[in-house]
Structures are given as C-alpha cells and as structure tokens.
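Engineer: The structure's right below; bear with me while I get my questions together.
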Amino acid sequence: MERKVILVGILVLLIATTAMATTNRIGTAGAQELRIPIGARGTGMAGAVVADVQGTEALFWNPAGVAWAQGTEAILSYRGYIADMNLSYFSVLSNFGVGTIGVSAKILSLGDIYVTTEQDWDGTGEVYSINIPVLGLTYARRLTDKVTFGASGMYISEQVMQTQARGIAFDFGFQYVPGWRTLKVGMVMKNYGPRMQFGGPDFDKPIHDPDDDPQAAVRQWRLTCADFELPSSFQIGLTYDFNLGPNGMLTVGGVFQSNDFSEDEYRFGAEFNMNNHMFVRAGYVYCSQSDYLYGATLGVGASFSLGRVKAHLDYSHTFVENYFDDIPEISLRFSM
C-alpha cells in the first residue's frame with residue numbers, strides 16, 4: 001500500500017512540474033487572495049512547512065497535515081497586508097475516526113473606497129468597502145502510519161458594487177515520513193480549478209445599434225468580460241529535526257514552489273523549539289522575479305495550558321523589500 005501511495009505521489013509530481021507555464025503569463029491570473037499565506041508559524045518560517053505542518057495551519061499550507069490531528073483544534077489569525085489591506089482567518093477541525101474534517105474562512109478586507117464617476121472625479125460622497133471571502137472545506141486521512149493525504153475545496157467570491165465573480169478552487173496534498181531519522185517529505189498542488197469571469201448589472205449599458213433605424217429606441221446590452229485562470233502552483237518540501245539535547249530541537253525546512261503565473265520560488269525556514277513551550281523562527285524566500293516583494297521573515301511563539309485546552313500564541317514579521325510596509329501576523333490556536 002505504501003509503495004502505491006509513493007508512486008502516485010511521484011506521478012502527481014511529474015504531472016505538476018510538466019504542466020507549469022512559462023514566465024510570459026506573469027500577471028495574468030486572478031483571485032490572488034488565494035495566494036496570501038495565513039498562520040504565523042508558517043509565515044515565520046517563510047512557508048517552508050509543507051512537509052511538517054499539522055493541524056489547523058495545515059488547512060492553508062498542505063491539507064495532508066490535517067490528518068495528524070488527534071482531537072479538535074481551532075485557530076484565529078489576523079494578518080496586516082500591503083496597501084492598508086488586512087486578512088482575517090478562522091478555521092476549526094476535528095477527527096472523526098474515518099478521517100479529519102476542517103472548515104475555514106478567510107476574509108481579505110480592501111478597506112474603504114470612495115466612489116468616483118466620469119462626472120465626479122473628486123468623488124460622489126459615497127463610500128463602500130470591499131471584503132473578499134474564501135470559504136474552505138477540507139478532508140484528510142492517514143493512508144498508512146507514514147503517509148497522509150488531504151484535499152480542500154474553496155469557494156471564492158469577489159464583488160465590487162454590482163460586479164462580481166464566483167469560483168471554486170482545489171488543493172491536494174501528501175505528507176510522507178520515510179522512517180529515515182527525522183526526515184519528512186511533503187508536496188501540495190494549490191489553487192486548481194475552473195476559470196472565473198466577472199459579470200453583473202454594472203455590465204449593462206444602453207447602446208444604440210448603428211444598424212438599427214435612427215428612430216429606434218436605445219436598447220440595453222450586456223458587455224462581457226474576459227475570463228481568467230486561478231493562480232495555481234505546485235510545492236514540494238523537506239524538513240529535518242536536529243535534537244539539541246533534552247530541552248531543545250531545531251527544525252530546518254526547504255520548499256521549491258513552481259508557479260503557473262510567476263517566477264518559481266525557493267523557501268527556507270528554521271524553528272528553534274525550547275521544551276515545546278517557546279519557539280523562535282526565521283525564514284527567507286528567494287525569487288528571481290524583478291521587484292519581488294518578499295524576503296526575510298522572523299517569528300516567535302509560546303505554548304501554554306488553559307485547563308484541558310492547550311493554547312499556542314504565535315507572531316510573525318515579514319520584511320517587504322519594495323514600496324510597502326512590513327507585514328505582521330498574529331495567530332492564536334487552541335487544541336483539546
């Protein structure tokens with residue numbers, strides 16, 4: 001069974017890497033909110049957690065990690081983002097014996113926008129807010145004692161006044177513990193799904209058909225918008241734990257991320273674990289794309305008990321290299 005699972009994983013790897021597109025498609029994908037990372041442990045390690053992430057944070061990074069959960073977990077996370085945007089996230093999961101099921105909600109807030117028109121360049125006095133939700137459902141299970149599999153389906157809704165686009169996206173992930181010392185392997189295909197398209201009443205325009213009688217009434221025409229693809233990617237990663245004595249452990253990880261719509265990325269991260277109570281993290285993302293925003297990351301965390309509930313408080317800081325302020329994130333996880 002285990003060999004079959006590994007062969008399937010290798011086949012997925014080959015298909016995904018050969019399907020990646022050339023860089024002439026940079027900037028042509030939509031629904032970019034799917035790419036915004038969430039979970040302060042993962043962001044503190046620059047996303048180099050595909051192989052070992054577990055529990056509620058795995059709902060974003062690799063759904064296969066959800067299968068390691070023993071009971072019920074929940075996470076609340078808030079992430080500042082570029083250009084005064086912010087991201088709120090909530091997820092909960094529970095193990096049901098036949099597998100683990102998780103649900104999540106990510107909401108990207110673009111803030112207040114002042115309404116302008118062709119006649120009112122300085123604004124009409126109206127203000128509206130844009131909130132983009134992504135709702136997810138995940139199922140994961142252990143295929144063997146060394147291999148886990150997970151899949152997520154996400155519902156995407158983008159709307160600006162009366163213009164909207166709806167879509168679905170899917171993630172598929174594996175994690176494998178080969179049994180050689182403390183090595184872990186993980187891979188995930190993210191954001192695969194049908195194309196999306198904007199539409200709605202704002203596309204209705206009164207137009208006089210030049211082929212009609214000049215005296216004919218003006219008719220309503222609905223303009224069409226070009227559709228767009230989702231920002232799909234493929235990631236494969238490794239982690240290794242170094243035992244530093246009875247009270248310390250160092251985890252190092254690396255991830256190669258092949259993107260459909262941008263240059264590929266290389267992610268490196270490390271976490272120092274002090275007796276499972278205090279954590280210090282650092283990471284770095286390398287990408288050859290010009291004007292790439294992200295680079296180094298730092299993070300800290302602490303675990304403590306609240307009766308029967310174990311809590312984890314994590315903070316990360318992502319340094320932004322061009323134009324925008326750095327990005328902070330704070331997460332609070334509960335397990336029982």
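Letters A, B, ... mark the chains of the structure tokens in the order given; residue numbers begin at 1 per chain; ligand numbers begin at 1, in order shown.
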Got a sec: who's within 7 Å of A:Asp112, counting only C-alpha atoms, leaving out chain neighbours fewer than 6 positions off, as a VMD selection string?
Structural biologist: chain A and resid 127 to 129
Engineer: Could you write out the selected residues, including N, CA and C atoms, as an mmCIF file, in the first residue's frame?
Structural biologist:
data_model
loop_
_atom_site.group_PDB
_atom_site.id
_atom_site.type_symbol
_atom_site.label_atom_id
_atom_site.label_comp_id
_atom_site.auth_asym_id
_atom_site.auth_seq_id
_atom_site.Cartn_x
_atom_site.Cartn_y
_atom_site.Cartn_z
ATOM 1 N N VAL A 127 -19.167 56.025 -0.083
ATOM 2 C CA VAL A 127 -18.027 55.194 0.315
ATOM 3 C C VAL A 127 -18.507 53.756 0.417
ATOM 4 N N TYR A 128 -17.739 52.834 -0.113
ATOM 5 C CA TYR A 128 -18.089 51.422 0.038
ATOM 6 C C TYR A 128 -16.840 50.631 0.406
ATOM 7 N N SER A 129 -17.065 49.509 1.037
ATOM 8 C CA SER A 129 -15.977 48.641 1.481
ATOM 9 C C SER A 129 -16.011 47.340 0.696
#
Engineer: Can you tell me, as a CSV table (one decimal) with N, CA and C atoms, in the first residue's frame, what residues are no more than 7 Å from A:Thr239 when counting only C-alpha atoms, ignoring any on the same chain fewer than 2 positions away?
Structural biologist:
chain,number,residue,atom,x,y,z
A,51,ALA,N,6.2,20.1,4.5
A,51,ALA,CA,6.4,18.7,4.9
A,51,ALA,C,6.0,18.4,6.3
A,52,ASP,N,6.0,19.3,7.2
A,52,ASP,CA,5.7,19.0,8.6
A,52,ASP,C,4.5,19.8,9.3
A,183,LEU,N,13.6,12.8,8.9
A,183,LEU,CA,13.2,13.4,7.7
A,183,LEU,C,11.7,13.3,7.4
A,184,LYS,N,11.1,14.4,6.9
A,184,LYS,CA,9.7,14.4,6.4
A,184,LYS,C,9.7,15.0,5.0
A,185,VAL,N,8.7,14.5,4.2
A,185,VAL,CA,8.6,15.0,2.9
A,185,VAL,C,7.1,15.4,2.7
A,237,GLY,N,8.5,19.9,-0.5
A,237,GLY,CA,9.4,20.3,0.6
A,237,GLY,C,9.9,19.2,1.4
A,241,ASP,N,14.6,17.4,11.7
A,241,ASP,CA,14.7,17.8,13.1
A,241,ASP,C,16.1,17.4,13.6
A,251,THR,N,14.4,22.6,13.9
A,251,THR,CA,13.7,22.1,12.7
A,251,THR,C,14.1,23.0,11.5
A,252,VAL,N,14.7,22.4,10.5
A,252,VAL,CA,15.0,23.2,9.3
A,252,VAL,C,14.2,22.6,8.1
A,253,GLY,N,13.8,23.5,7.2
A,253,GLY,CA,13.0,23.1,6.1
A,253,GLY,C,13.3,23.9,4.8
A,254,GLY,N,12.9,23.3,3.7
A,254,GLY,CA,13.0,23.9,2.4
A,254,GLY,C,11.9,23.5,1.5
Engineer: Show me, as a PyMOL selection string, the residues that have an atom within 6 Å of stretch 191-197 of chain A when counting only C-alpha atoms, minus same-chain residues fewer than 5 positions from it.
Structural biologist: chain A and resi 165+167+169-171+227-229+232
Engineer: Select from stretch 45-249 of chain A everything DSSP, run on the backbone, classes as alpha helix (DSSP H), then give the selection as a ChimeraX atom specification.
Structural biologist: /A:58-61
Engineer: Write out, as a compact mmCIF listing (two decimals), in the first residue's frame, the residues just selected, with N, CA and C atoms.
Structural biologist:
# COMPACT_ATOMS: atom_id res chain seq x y z
N ALA A 58 -2.37 23.66 8.72
CA ALA A 58 -2.24 22.84 7.50
C ALA A 58 -3.39 23.06 6.53
N LEU A 59 -4.50 23.59 7.00
CA LEU A 59 -5.63 23.84 6.09
C LEU A 59 -5.21 24.77 4.95
N PHE A 60 -4.28 25.67 5.21
CA PHE A 60 -3.77 26.52 4.13
C PHE A 60 -2.53 25.91 3.47
N TRP A 61 -1.54 25.50 4.25
CA TRP A 61 -0.24 25.14 3.69
C TRP A 61 -0.23 23.79 2.98
Engineer: As an NGL selection string, please: the residues near stretch 155-160 of chain A (cut-off 9 Å, only C-alpha atoms, same-chain neighbours under 4 positions excluded).
Structural biologist: :A and (31 or 34 or 128-137 or 164-169 or 198)
Engineer: So that I have them on file, write out the residues from the current selection with C-alpha atoms, as a JSON list (two decimals), in the first residue's frame.
Structural biologist:
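Result went into selection-v6.json, see below:
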[["chain", "number", "residue", "atom", "x", "y", "z"],
["A", 31, "ALA", "CA", -8.15, 35.53, -7.41],
["A", 34, "LEU", "CA", -5.84, 32.52, -2.65],
["A", 128, "TYR", "CA", -18.09, 51.42, 0.04],
["A", 129, "SER", "CA", -15.98, 48.64, 1.48],
["A", 130, "ILE", "CA", -14.72, 45.55, -0.33],
["A", 131, "ASN", "CA", -14.43, 42.28, 1.58],
["A", 132, "ILE", "CA", -13.40, 39.17, -0.35],
["A", 133, "PRO", "CA", -14.27, 35.88, 1.39],
["A", 134, "VAL", "CA", -12.75, 32.47, 0.69],
["A", 135, "LEU", "CA", -14.61, 29.59, 2.38],
["A", 136, "GLY", "CA", -12.96, 26.19, 2.59],
["A", 137, "LEU", "CA", -13.83, 22.57, 3.37],
["A", 164, "GLN", "CA", -19.00, 40.00, -9.14],
["A", 165, "ALA", "CA", -17.11, 36.81, -9.91],
["A", 166, "ARG", "CA", -17.62, 33.43, -8.28],
["A", 167, "GLY", "CA", -15.40, 30.38, -8.44],
["A", 168, "ILE", "CA", -14.07, 27.23, -6.79],
["A", 169, "ALA", "CA", -10.51, 26.06, -6.25],
["A", 198, "PHE", "CA", -16.70, 39.00, -13.80]]
Engineer: Which polymer residues have any atom within 12 Å of an atom of A:Val49, counting only C-alpha atoms, with same-chain residues fewer than 4 positions away left out, as a ChimeraX atom specification?
Structural biologist: /A:37,39-45,53-54,57-58,60-65,175,184-188,235-240,251-257,267-271,281-283
Engineer: Let's have the selection written as an mmCIF file, in the first residue's frame, with C-alpha atoms.
Structural biologist:
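And here's again.cif as it stands now:
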data_model
loop_
_atom_site.group_PDB
_atom_site.id
_atom_site.type_symbol
_atom_site.label_atom_id
_atom_site.label_comp_id
_atom_site.auth_asym_id
_atom_site.auth_seq_id
_atom_site.Cartn_x
_atom_site.Cartn_y
_atom_site.Cartn_z
ATOM 1 C CA PRO A 37 -0.472 32.931 3.353
ATOM 2 C CA GLY A 39 -0.787 31.072 10.054
ATOM 3 C CA ALA A 40 2.026 32.775 11.980
ATOM 4 C CA ARG A 41 4.157 29.642 12.389
ATOM 5 C CA GLY A 42 4.233 29.051 8.641
ATOM 6 C CA THR A 43 4.778 32.694 7.715
ATOM 7 C CA GLY A 44 7.505 33.000 10.360
ATOM 8 C CA MET A 45 9.363 30.196 8.537
ATOM 9 C CA VAL A 53 2.772 21.410 9.089
ATOM 10 C CA GLN A 54 -0.043 19.909 11.144
ATOM 11 C CA GLU A 57 -2.414 25.745 9.955
ATOM 12 C CA ALA A 58 -2.238 22.844 7.502
ATOM 13 C CA PHE A 60 -3.770 26.516 4.126
ATOM 14 C CA TRP A 61 -0.237 25.145 3.686
ATOM 15 C CA ASN A 62 -0.893 21.452 2.989
ATOM 16 C CA PRO A 63 -4.224 19.733 3.709
ATOM 17 C CA ALA A 64 -2.428 16.410 4.256
ATOM 18 C CA GLY A 65 -1.153 17.756 7.583
ATOM 19 C CA GLN A 175 2.960 14.075 3.528
ATOM 20 C CA LYS A 184 9.725 14.407 6.441
ATOM 21 C CA VAL A 185 8.562 14.969 2.864
ATOM 22 C CA GLY A 186 5.522 16.883 1.659
ATOM 23 C CA MET A 187 4.008 18.102 -1.580
ATOM 24 C CA VAL A 188 0.891 20.028 -2.472
ATOM 25 C CA GLN A 235 5.164 22.823 -3.924
ATOM 26 C CA ILE A 236 7.494 20.083 -2.728
ATOM 27 C CA GLY A 237 9.353 20.344 0.554
ATOM 28 C CA LEU A 238 11.547 18.629 3.139
ATOM 29 C CA THR A 239 12.072 19.148 6.857
ATOM 30 C CA TYR A 240 14.598 17.653 9.262
ATOM 31 C CA THR A 251 13.750 22.117 12.688
ATOM 32 C CA VAL A 252 15.016 23.195 9.280
ATOM 33 C CA GLY A 253 12.959 23.096 6.095
ATOM 34 C CA GLY A 254 13.044 23.936 2.438
ATOM 35 C CA VAL A 255 10.360 24.218 -0.250
ATOM 36 C CA PHE A 256 10.503 24.555 -4.009
ATOM 37 C CA GLN A 257 7.391 26.277 -5.362
ATOM 38 C CA ARG A 267 11.670 28.938 0.554
ATOM 39 C CA PHE A 268 13.940 28.227 3.529
ATOM 40 C CA GLY A 269 12.997 28.239 7.189
ATOM 41 C CA ALA A 270 14.097 27.191 10.657
ATOM 42 C CA GLU A 271 12.445 26.849 14.050
ATOM 43 C CA ARG A 281 11.633 31.144 13.865
ATOM 44 C CA ALA A 282 13.262 32.644 10.800
ATOM 45 C CA GLY A 283 12.977 32.198 7.049
#
Engineer: Let me make sure I understand: among A:Phe174, A:Phe334, A:Tyr292, A:Tyr78, which one has the smallest atom-to-atom distance to A:Phe234 if we use only C-alpha atoms?
Structural biologist: A:Phe174
Engineer: Give me, as a count of residues only, the residues of stretch 12-228 of chain A that a backbone DSSP run labels strand (DSSP E).
Structural biologist: 95
Engineer: May I have the residues within 6 Å of A:Ser303 as a ChimeraX atom specification, using only C-alpha atoms and disregarding those fewer than 2 positions away in the same chain?
Structural biologist: /A:277,311-312
Engineer: From the options A:Glu33, A:Glu126, A:Asp202, A:Glu118, which residue's atoms come nearest to A:Asn86, counting only C-alpha atoms?
Structural biologist: A:Glu33
